[in-house]
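Note: the block below is protein.cif and it holds mmCIF, C-alpha atoms, pLDDT in the B column; chains and numbers go by the auth columns.
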```cif
data_entry
#
loop_
_atom_site.group_PDB
_atom_site.id
_atom_site.type_symbol
_atom_site.label_atom_id
_atom_site.label_comp_id
_atom_site.label_asym_id
_atom_site.label_seq_id
_atom_site.Cartn_x
_atom_site.Cartn_y
_atom_site.Cartn_z
_atom_site.B_iso_or_equiv
_atom_site.auth_seq_id
_atom_site.auth_asym_id
ATOM 1 C CA MET A 1 5.360 58.877 141.757 65.00 22 A
ATOM 2 C CA SER A 2 2.803 61.642 142.136 76.00 23 A
ATOM 3 C CA ILE A 3 3.313 64.831 144.097 86.00 24 A
ATOM 4 C CA ALA A 4 1.340 65.351 147.311 85.00 25 A
ATOM 5 C CA ILE A 5 0.061 68.871 147.959 89.00 26 A
ATOM 6 C CA ALA A 6 -1.431 69.910 151.319 89.00 27 A
ATOM 7 C CA LYS A 7 -4.111 72.594 151.402 89.00 28 A
ATOM 8 C CA ILE A 8 -5.354 74.225 154.618 87.00 29 A
ATOM 9 C CA ASN A 9 -9.137 74.365 154.532 83.00 30 A
ATOM 10 C CA LYS A 10 -10.336 74.778 158.123 84.00 31 A
ATOM 11 C CA GLY A 11 -8.890 76.475 161.178 84.00 32 A
ATOM 12 C CA ASN A 12 -9.550 77.335 164.790 85.00 33 A
ATOM 13 C CA TRP A 13 -7.894 79.729 167.220 87.00 34 A
ATOM 14 C CA ILE A 14 -7.735 79.061 170.964 90.00 35 A
ATOM 15 C CA VAL A 15 -6.794 81.940 173.279 89.00 36 A
ATOM 16 C CA ASN A 16 -5.713 80.996 176.816 90.00 37 A
ATOM 17 C CA GLY A 17 -7.702 77.756 176.551 91.00 38 A
ATOM 18 C CA VAL A 18 -10.893 79.334 175.126 89.00 39 A
ATOM 19 C CA PRO A 19 -11.877 78.687 171.458 89.00 40 A
ATOM 20 C CA VAL A 20 -12.472 81.803 169.333 87.00 41 A
ATOM 21 C CA ARG A 21 -15.043 80.933 166.658 79.00 42 A
ATOM 22 C CA ALA A 22 -15.155 84.337 164.963 78.00 43 A
ATOM 23 C CA THR A 23 -11.604 84.150 163.562 80.00 44 A
ATOM 24 C CA SER A 24 -11.464 85.083 159.892 82.00 45 A
ATOM 25 C CA GLU A 25 -7.702 85.140 159.293 87.00 46 A
ATOM 26 C CA ILE A 26 -4.527 84.065 161.078 89.00 47 A
ATOM 27 C CA THR A 27 -1.032 85.149 160.030 92.00 48 A
ATOM 28 C CA LEU A 28 1.665 83.109 161.725 94.00 49 A
ATOM 29 C CA PRO A 29 5.057 84.710 162.434 96.00 50 A
ATOM 30 C CA ALA A 30 7.704 85.089 159.755 95.00 51 A
ATOM 31 C CA LEU A 31 11.110 83.686 160.622 95.00 52 A
ATOM 32 C CA GLU A 32 13.700 86.245 159.623 94.00 53 A
ATOM 33 C CA ALA A 33 17.372 85.825 160.498 92.00 54 A
ATOM 34 C CA LYS A 34 19.082 88.773 162.088 92.00 55 A
ATOM 35 C CA ALA A 35 22.529 89.037 160.491 88.00 56 A
ATOM 36 C CA GLU A 36 25.675 90.999 161.162 88.00 57 A
ATOM 37 C CA GLU A 37 28.166 91.903 158.459 86.00 58 A
ATOM 38 C CA GLY A 38 31.729 90.722 158.843 83.00 59 A
ATOM 39 C CA GLU A 39 34.659 93.055 158.290 81.00 60 A
ATOM 40 C CA GLU A 40 37.408 90.594 157.413 78.00 61 A
ATOM 41 C CA ILE A 41 40.001 92.382 155.268 76.00 62 A
ATOM 42 C CA ALA A 42 41.253 89.181 153.655 79.00 63 A
ATOM 43 C CA LEU A 43 37.890 88.378 152.018 77.00 64 A
ATOM 44 C CA PHE A 44 36.813 89.499 148.560 82.00 65 A
ATOM 45 C CA GLY A 45 33.258 90.259 149.691 83.00 66 A
ATOM 46 C CA THR A 46 31.337 90.987 152.868 83.00 67 A
ATOM 47 C CA PRO A 47 29.988 87.886 154.615 83.00 68 A
ATOM 48 C CA GLU A 48 26.944 87.892 156.863 85.00 69 A
ATOM 49 C CA TYR A 49 26.818 85.987 160.145 87.00 70 A
ATOM 50 C CA VAL A 50 23.571 84.874 161.763 86.00 71 A
ATOM 51 C CA ALA A 51 23.075 86.584 165.122 86.00 72 A
ATOM 52 C CA GLY A 52 19.640 85.147 165.957 89.00 73 A
ATOM 53 C CA LEU A 53 16.071 85.799 164.889 92.00 74 A
ATOM 54 C CA ASP A 54 14.418 89.134 164.326 93.00 75 A
ATOM 55 C CA VAL A 55 11.260 90.018 166.255 94.00 76 A
ATOM 56 C CA MET A 56 8.378 87.630 165.527 97.00 77 A
ATOM 57 C CA GLU A 57 4.773 88.798 165.249 97.00 78 A
ATOM 58 C CA ALA A 58 1.441 87.056 164.713 95.00 79 A
ATOM 59 C CA GLU A 59 -1.749 88.676 163.463 94.00 80 A
ATOM 60 C CA PHE A 60 -5.334 87.601 164.014 90.00 81 A
ATOM 61 C CA LYS A 61 -8.502 89.016 162.448 89.00 82 A
ATOM 62 C CA LEU A 62 -11.970 88.591 163.863 86.00 83 A
ATOM 63 C CA SER A 63 -15.259 88.974 162.034 84.00 84 A
ATOM 64 C CA GLY A 64 -17.483 89.047 165.078 81.00 85 A
ATOM 65 C CA PHE A 65 -17.355 90.167 168.685 80.00 86 A
ATOM 66 C CA ASP A 66 -15.451 87.772 170.941 83.00 87 A
ATOM 67 C CA LYS A 67 -14.909 89.004 174.496 85.00 88 A
ATOM 68 C CA ASP A 68 -12.027 86.608 175.265 86.00 89 A
ATOM 69 C CA ALA A 69 -10.054 87.540 172.157 86.00 90 A
ATOM 70 C CA ILE A 70 -10.655 91.249 172.762 86.00 91 A
ATOM 71 C CA ALA A 71 -9.550 90.932 176.400 89.00 92 A
ATOM 72 C CA ALA A 72 -6.347 89.131 175.295 89.00 93 A
ATOM 73 C CA GLY A 73 -5.720 91.804 172.655 87.00 94 A
ATOM 74 C CA ALA A 74 -6.126 94.596 175.202 89.00 95 A
ATOM 75 C CA ASN A 75 -3.847 93.012 177.826 91.00 96 A
ATOM 76 C CA ILE A 76 -0.372 94.415 177.118 92.00 97 A
ATOM 77 C CA PHE A 77 1.112 93.238 180.426 94.00 98 A
ATOM 78 C CA ASP A 78 0.633 89.458 180.472 94.00 99 A
ATOM 79 C CA ILE A 79 1.910 86.678 178.227 95.00 100 A
ATOM 80 C CA GLN A 80 -0.978 85.128 176.299 93.00 101 A
ATOM 81 C CA GLN A 81 -1.038 81.591 174.878 95.00 102 A
ATOM 82 C CA PHE A 82 -2.516 80.903 171.455 93.00 103 A
ATOM 83 C CA ILE A 83 -3.080 77.580 169.804 95.00 104 A
ATOM 84 C CA CYS A 84 -3.944 77.648 166.128 93.00 105 A
ATOM 85 C CA LEU A 85 -5.385 74.376 164.824 93.00 106 A
ATOM 86 C CA PHE A 86 -5.816 73.657 161.130 93.00 107 A
ATOM 87 C CA ASN A 87 -6.935 70.783 158.934 93.00 108 A
ATOM 88 C CA ALA A 88 -4.806 70.118 155.866 92.00 109 A
ATOM 89 C CA ASP A 89 -6.279 68.080 153.036 93.00 110 A
ATOM 90 C CA VAL A 90 -3.438 66.308 151.238 92.00 111 A
ATOM 91 C CA TYR A 91 -4.143 65.894 147.520 93.00 112 A
ATOM 92 C CA GLN A 92 -2.512 63.266 145.351 91.00 113 A
ATOM 93 C CA ASN A 93 -3.560 62.646 141.743 89.00 114 A
ATOM 94 C CA GLY A 94 -6.331 65.227 142.145 87.00 115 A
ATOM 95 C CA GLN A 95 -8.036 63.600 145.131 91.00 116 A
ATOM 96 C CA ILE A 96 -7.698 63.750 148.898 92.00 117 A
ATOM 97 C CA SER A 97 -5.312 61.016 149.992 91.00 118 A
ATOM 98 C CA GLU A 98 -5.187 61.971 153.674 91.00 119 A
ATOM 99 C CA ARG A 99 -6.095 64.635 156.191 93.00 120 A
ATOM 100 C CA ALA A 100 -3.371 65.963 158.479 93.00 121 A
ATOM 101 C CA SER A 101 -3.394 68.246 161.486 93.00 122 A
ATOM 102 C CA VAL A 102 -1.384 71.461 161.576 95.00 123 A
ATOM 103 C CA ARG A 103 -0.863 72.988 165.000 96.00 124 A
ATOM 104 C CA ALA A 104 0.876 76.247 165.857 97.00 125 A
ATOM 105 C CA THR A 105 1.467 77.035 169.525 97.00 126 A
ATOM 106 C CA LEU A 106 2.386 80.640 170.277 97.00 127 A
ATOM 107 C CA ARG A 107 3.078 82.646 173.413 97.00 128 A
ATOM 108 C CA GLY A 108 3.461 86.385 173.370 96.00 129 A
ATOM 109 C CA MET A 109 2.220 89.786 174.386 95.00 130 A
ATOM 110 C CA ALA A 110 -0.339 92.058 172.786 93.00 131 A
ATOM 111 C CA LYS A 111 1.184 94.873 170.743 94.00 132 A
ATOM 112 C CA GLU A 112 -1.747 96.348 168.872 92.00 133 A
ATOM 113 C CA MET A 113 -5.513 96.056 168.686 87.00 134 A
ATOM 114 C CA SER A 114 -7.287 97.886 165.888 86.00 135 A
ATOM 115 C CA PRO A 115 -10.281 100.051 166.717 76.00 136 A
ATOM 116 C CA LEU A 116 -13.387 97.899 167.008 75.00 137 A
ATOM 117 C CA GLU A 117 -15.699 98.484 164.078 72.00 138 A
ATOM 118 C CA LEU A 118 -19.193 98.214 165.515 72.00 139 A
ATOM 119 C CA SER A 119 -22.376 98.920 163.585 73.00 140 A
ATOM 120 C CA GLY A 120 -25.945 97.728 163.922 75.00 141 A
ATOM 121 C CA GLY A 121 -26.863 94.501 162.176 74.00 142 A
ATOM 122 C CA GLU A 122 -23.316 93.705 161.003 75.00 143 A
ATOM 123 C CA PHE A 123 -20.465 91.622 162.308 75.00 144 A
ATOM 124 C CA SER A 124 -17.834 93.681 164.071 78.00 145 A
ATOM 125 C CA GLU A 125 -14.292 93.501 162.776 82.00 146 A
ATOM 126 C CA SER A 126 -11.048 93.765 164.703 86.00 147 A
ATOM 127 C CA GLU A 127 -7.387 92.970 164.179 90.00 148 A
ATOM 128 C CA PHE A 128 -4.738 92.035 166.722 91.00 149 A
ATOM 129 C CA THR A 129 -0.934 91.954 166.584 95.00 150 A
ATOM 130 C CA PHE A 130 1.070 90.005 169.153 96.00 151 A
ATOM 131 C CA GLY A 131 4.818 89.947 169.724 96.00 152 A
ATOM 132 C CA VAL A 132 5.754 86.257 169.791 97.00 153 A
ATOM 133 C CA ARG A 133 8.320 84.814 172.222 97.00 154 A
ATOM 134 C CA TYR A 134 7.505 81.121 171.726 98.00 155 A
ATOM 135 C CA TYR A 135 6.528 79.438 168.456 98.00 156 A
ATOM 136 C CA LYS A 136 6.113 75.732 167.764 98.00 157 A
ATOM 137 C CA LEU A 137 4.792 74.384 164.464 98.00 158 A
ATOM 138 C CA GLU A 138 3.630 70.771 164.098 97.00 159 A
ATOM 139 C CA TYR A 139 2.369 68.856 161.064 95.00 160 A
ATOM 140 C CA GLY A 140 0.674 65.481 161.469 93.00 161 A
ATOM 141 C CA GLY A 141 1.996 65.208 165.035 94.00 162 A
ATOM 142 C CA GLN A 142 5.627 65.856 164.000 96.00 163 A
ATOM 143 C CA THR A 143 7.363 68.989 165.290 97.00 164 A
ATOM 144 C CA LEU A 144 8.774 70.933 162.340 97.00 165 A
ATOM 145 C CA PHE A 145 10.372 73.592 164.532 98.00 166 A
ATOM 146 C CA GLU A 146 10.253 75.038 168.033 98.00 167 A
ATOM 147 C CA ILE A 147 11.548 78.453 169.044 98.00 168 A
ATOM 148 C CA ASP A 148 11.682 79.726 172.624 97.00 169 A
ATOM 149 C CA VAL A 149 13.353 83.138 172.659 96.00 170 A
ATOM 150 C CA ASP A 150 13.533 83.420 176.459 95.00 171 A
ATOM 151 C CA ASN A 151 15.226 80.028 176.899 95.00 172 A
ATOM 152 C CA ASN A 152 17.545 80.068 173.835 94.00 173 A
ATOM 153 C CA ILE A 153 15.764 77.121 172.214 96.00 174 A
ATOM 154 C CA TYR A 154 15.802 76.699 168.439 96.00 175 A
ATOM 155 C CA ILE A 155 14.958 73.183 167.247 97.00 176 A
ATOM 156 C CA VAL A 156 14.453 72.299 163.570 97.00 177 A
ATOM 157 C CA ASN A 157 13.404 68.759 162.540 96.00 178 A
ATOM 158 C CA GLY A 158 14.526 67.426 165.917 96.00 179 A
ATOM 159 C CA GLU A 159 17.982 69.064 165.791 97.00 180 A
ATOM 160 C CA ASP A 160 18.633 71.397 168.727 96.00 181 A
ATOM 161 C CA LYS A 161 20.627 74.208 167.112 95.00 182 A
ATOM 162 C CA MET A 162 21.229 76.066 170.405 94.00 183 A
ATOM 163 C CA ALA A 163 22.083 73.181 172.793 95.00 184 A
ATOM 164 C CA SER A 164 25.794 74.045 172.927 94.00 185 A
ATOM 165 C CA VAL A 165 25.037 77.750 173.444 92.00 186 A
ATOM 166 C CA ARG A 166 22.764 76.943 176.403 93.00 187 A
ATOM 167 C CA ALA A 167 25.440 74.646 177.832 94.00 188 A
ATOM 168 C CA ASN A 168 28.108 77.354 177.405 94.00 189 A
ATOM 169 C CA LEU A 169 25.856 79.832 179.224 93.00 190 A
ATOM 170 C CA GLY A 170 25.031 77.414 182.052 93.00 191 A
ATOM 171 C CA MET A 171 21.393 77.156 180.945 89.00 192 A
ATOM 172 C CA ALA A 172 21.356 73.419 180.152 73.00 193 A
#
```

Would it be possible to restate this file's structure as structure tokens?
Amino acid sequence: MSIAIAKINKGNWIVNGVPVRATSEITLPALEAKAEEGEEIALFGTPEYVAGLDVMEAEFKLSGFDKDAIAAGANIFDIQQFICLFNADVYQNGQISERASVRATLRGMAKEMSPLELSGGEFSESEFTFGVRYYKLEYGGQTLFEIDVDNNIYIVNGEDKMASVRANLGMA
């Protein structure tokens, strides 16, 4: 049996329903557990207990002037929706065996927009950082995970890890 390796080779960024063609780089949020240390005196060591996720951020870089992306990056008051679409070429035995879609859906608020670098005859460059409150990652139409901070949703491979918490809080 050979090993299949997927390589992202094309991507597109859609901001509030409008495609942004000048995107040069997209950094999706890191998932970092927020942990609390236990203080049990009967244990030999100090255990950590998961208390949720740390703040999630996404970064986007443009190599060109895009008014819709700049407007979204400057709007610190409203939730923005971003859809990042990618093509993954899946290689097996050194050749492409299939092409799969990768889709990241994000919602969040603008945190930082770098100064716009504008000069005659050159593409402008700008960078944006958004605080992410919703993050869903799909591969080939299958949801790998879905996180909705505001609604206590954390689903991994179809397993709803927070269903009982929502039920206990009267949110279900």

Which segment 120-185 of chain A residues have any atom within 8 Å of an atom of segment 66-77 of chain A, and for each, what is the nearest pair of atoms with distance in Å to one decimal, counting only C-alpha atoms, rows sorted by chain and number, as JSON lines?
```
{"residue": "A:Gly152", "atom": "CA", "partner": "A:Met77", "partner_atom": "CA", "distance": 6.0}
{"residue": "A:Val153", "atom": "CA", "partner": "A:Met77", "partner_atom": "CA", "distance": 5.2}
{"residue": "A:Arg154", "atom": "CA", "partner": "A:Met77", "partner_atom": "CA", "distance": 7.3}
```

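Proximity of A:Gly129, A:Glu60, A:Thr44, A:Gly191 to Val170 of chain A, computed with all atoms listed in the file, is greatest for A:Gly129.
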
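Taking atom CA of Arg42 of chain A as the reference point, atom CA of Val111 of chain A is found at 24.2 Å.
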
Rows by chain and residue number, segment 117-160 of chain A within 12 Å of segment 175-182 of chain A, shortest pair, all atoms listed in the file, as a Markdown table:
```
| residue | atom | partner | partner_atom | distance |
| --- | --- | --- | --- | --- |
| A:Arg154 | CA | A:Tyr175 | CA | 11.7 |
| A:Tyr155 | CA | A:Tyr175 | CA | 10.0 |
| A:Tyr156 | CA | A:Tyr175 | CA | 9.7 |
| A:Lys157 | CA | A:Ile176 | CA | 9.2 |
| A:Leu158 | CA | A:Val177 | CA | 9.9 |
| A:Glu159 | CA | A:Asn178 | CA | 10.1 |
| A:Tyr160 | CA | A:Asn178 | CA | 11.1 |
```

Taking into account all atoms listed in the file, which residue in the set A:Phe81, A:Phe107, A:Phe166, A:Phe65 is nearest to Ser135 of chain A?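 Closest to Ser135 of chain A of all the choices is A:Phe81.
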
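Interatomic distance, atom CA of Asn114 of chain A against atom CA of Asn33 of chain A: 28.0 Å.
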
Residue with smallest distance to Glu119 of chain A - pool A:Gly161, A:Ser185, A:Gly32, A:Ser84, counting only C-alpha atoms: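 The answer is A:Gly161, which sits nearest to Glu119 of chain A.
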
Is it possible to get the axis-aligned box enclosing segment 105-122 of chain A (all listed atoms, 5 Å extra per side) as JSON, with centre and edge lengths in Å rounded to one decimal?
```
{"center_x": -5.3, "center_y": 69.3, "center_z": 153.9, "size_x": 15.5, "size_y": 26.6, "size_z": 34.4}
```

Hey, can you check how far atom CA of Gln113 of chain A sits from atom CA of Ala25 of chain A?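 That distance, rounded to one decimal, is 4.8 Å.
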
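Picked out by the PyMOL selection byres ((chain A and resi 99) around 9) when it runs on this file: Ala93, Asn96, Ile97, Phe98, Ile100, Gln101, Gly129, Met130 and Ala131 of chain A.
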
Written selection (C-alpha atoms) as a PDB file, in the frame of the given file:
```pdb
ATOM      1  CA  ALA A  93      -6.347  89.131 175.295  1.00 89.00           C
ATOM      2  CA  ASN A  96      -3.847  93.012 177.826  1.00 91.00           C
ATOM      3  CA  ILE A  97      -0.372  94.415 177.118  1.00 92.00           C
ATOM      4  CA  PHE A  98       1.112  93.238 180.426  1.00 94.00           C
ATOM      5  CA  ILE A 100       1.910  86.678 178.227  1.00 95.00           C
ATOM      6  CA  GLN A 101      -0.978  85.128 176.299  1.00 93.00           C
ATOM      7  CA  GLY A 129       3.461  86.385 173.370  1.00 96.00           C
ATOM      8  CA  MET A 130       2.220  89.786 174.386  1.00 95.00           C
ATOM      9  CA  ALA A 131      -0.339  92.058 172.786  1.00 93.00           C
TER      10      ALA A 131
END
```

Step by step, work through what the PyMOL selection byres ((chain A and resi 88) around 12) selects in the shown file, and finish by giving those residues as a list in words.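 So the PyMOL selection byres ((chain A and resi 88) around 12), applied here, picks out Val36, Val39, Pro40, Val41, Arg42, Ala43, Leu83, Gly85, Phe86, Asp87, Asp89, Ala90, Ile91, Ala92, Ala93, Gly94, Ala95, Leu137, Ser145 and Ser147 of chain A.
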
Export of prior selection with C-alpha atoms as a JSON list (two decimals), keeping the file's coordinate frame:
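part-v5.json, written as the output of this step:
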```
[["chain", "number", "residue", "atom", "x", "y", "z"],
["A", 36, "VAL", "CA", -6.79, 81.94, 173.28],
["A", 39, "VAL", "CA", -10.89, 79.33, 175.13],
["A", 40, "PRO", "CA", -11.88, 78.69, 171.46],
["A", 41, "VAL", "CA", -12.47, 81.80, 169.33],
["A", 42, "ARG", "CA", -15.04, 80.93, 166.66],
["A", 43, "ALA", "CA", -15.16, 84.34, 164.96],
["A", 83, "LEU", "CA", -11.97, 88.59, 163.86],
["A", 85, "GLY", "CA", -17.48, 89.05, 165.08],
["A", 86, "PHE", "CA", -17.36, 90.17, 168.68],
["A", 87, "ASP", "CA", -15.45, 87.77, 170.94],
["A", 89, "ASP", "CA", -12.03, 86.61, 175.26],
["A", 90, "ALA", "CA", -10.05, 87.54, 172.16],
["A", 91, "ILE", "CA", -10.66, 91.25, 172.76],
["A", 92, "ALA", "CA", -9.55, 90.93, 176.40],
["A", 93, "ALA", "CA", -6.35, 89.13, 175.30],
["A", 94, "GLY", "CA", -5.72, 91.80, 172.66],
["A", 95, "ALA", "CA", -6.13, 94.60, 175.20],
["A", 137, "LEU", "CA", -13.39, 97.90, 167.01],
["A", 145, "SER", "CA", -17.83, 93.68, 164.07],
["A", 147, "SER", "CA", -11.05, 93.76, 164.70]]
```

Nearest to Gln102 of chain A among A:Leu190, A:Asp169, A:Ala51, A:Leu127, with distances taken over all atoms listed in the file: which residue is it?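 The closest residue to Gln102 of chain A is A:Leu127.
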
Choose the residue, out of A:Pro136, A:Gly162, A:Gly141, A:Gly38, that has the smallest atom-to-atom separation from Ser122 of chain A; count only C-alpha atoms.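 Going through A:Pro136, A:Gly162, A:Gly141, A:Gly38 one by one, the smallest distance to Ser122 of chain A is for A:Gly162.
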
So that I can check the surroundings of Phe103 of chain A, please list as a PyMOL selection string every protein, DNA and RNA residue that reaches within 7 Å of it, counting all atoms listed in the file and ignoring chain neighbours fewer than 5 positions away. chain A and resi 34-37+126-128

Could you write out the selected residues, including C-alpha atoms, as an mmCIF file, in the coordinates of the input?
```
data_model
loop_
_atom_site.group_PDB
_atom_site.id
_atom_site.type_symbol
_atom_site.label_atom_id
_atom_site.label_comp_id
_atom_site.auth_asym_id
_atom_site.auth_seq_id
_atom_site.Cartn_x
_atom_site.Cartn_y
_atom_site.Cartn_z
ATOM 1 C CA TRP A 34 -7.894 79.729 167.220
ATOM 2 C CA ILE A 35 -7.735 79.061 170.964
ATOM 3 C CA VAL A 36 -6.794 81.940 173.279
ATOM 4 C CA ASN A 37 -5.713 80.996 176.816
ATOM 5 C CA THR A 126 1.467 77.035 169.525
ATOM 6 C CA LEU A 127 2.386 80.640 170.277
ATOM 7 C CA ARG A 128 3.078 82.646 173.413
#
```

Result set, the PyMOL selection byres ((chain A and resi 29) around 6) on current file, as a PyMOL selection string: chain A and resi 28+30+108-109

For C-alpha atoms, I'd like the residues from the last selection saved as a short mmCIF file (atom, residue, chain, number, x, y, z; two decimals), keeping the file's coordinate frame.
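That gives us out_7.cif:
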```
data_model
loop_
_atom_site.label_atom_id
_atom_site.label_comp_id
_atom_site.auth_asym_id
_atom_site.auth_seq_id
_atom_site.Cartn_x
_atom_site.Cartn_y
_atom_site.Cartn_z
CA LYS A 28 -4.11 72.59 151.40
CA ASN A 30 -9.14 74.36 154.53
CA ASN A 108 -6.94 70.78 158.93
CA ALA A 109 -4.81 70.12 155.87
#
```

Find, counting all atoms listed in the file, the residue in A:Ile117, A:Ala125, A:Met134, A:Ala56 that gets nearest to Ile168 of chain A.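 Using all atoms listed in the file, the shortest distance to Ile168 of chain A belongs to A:Ala125.
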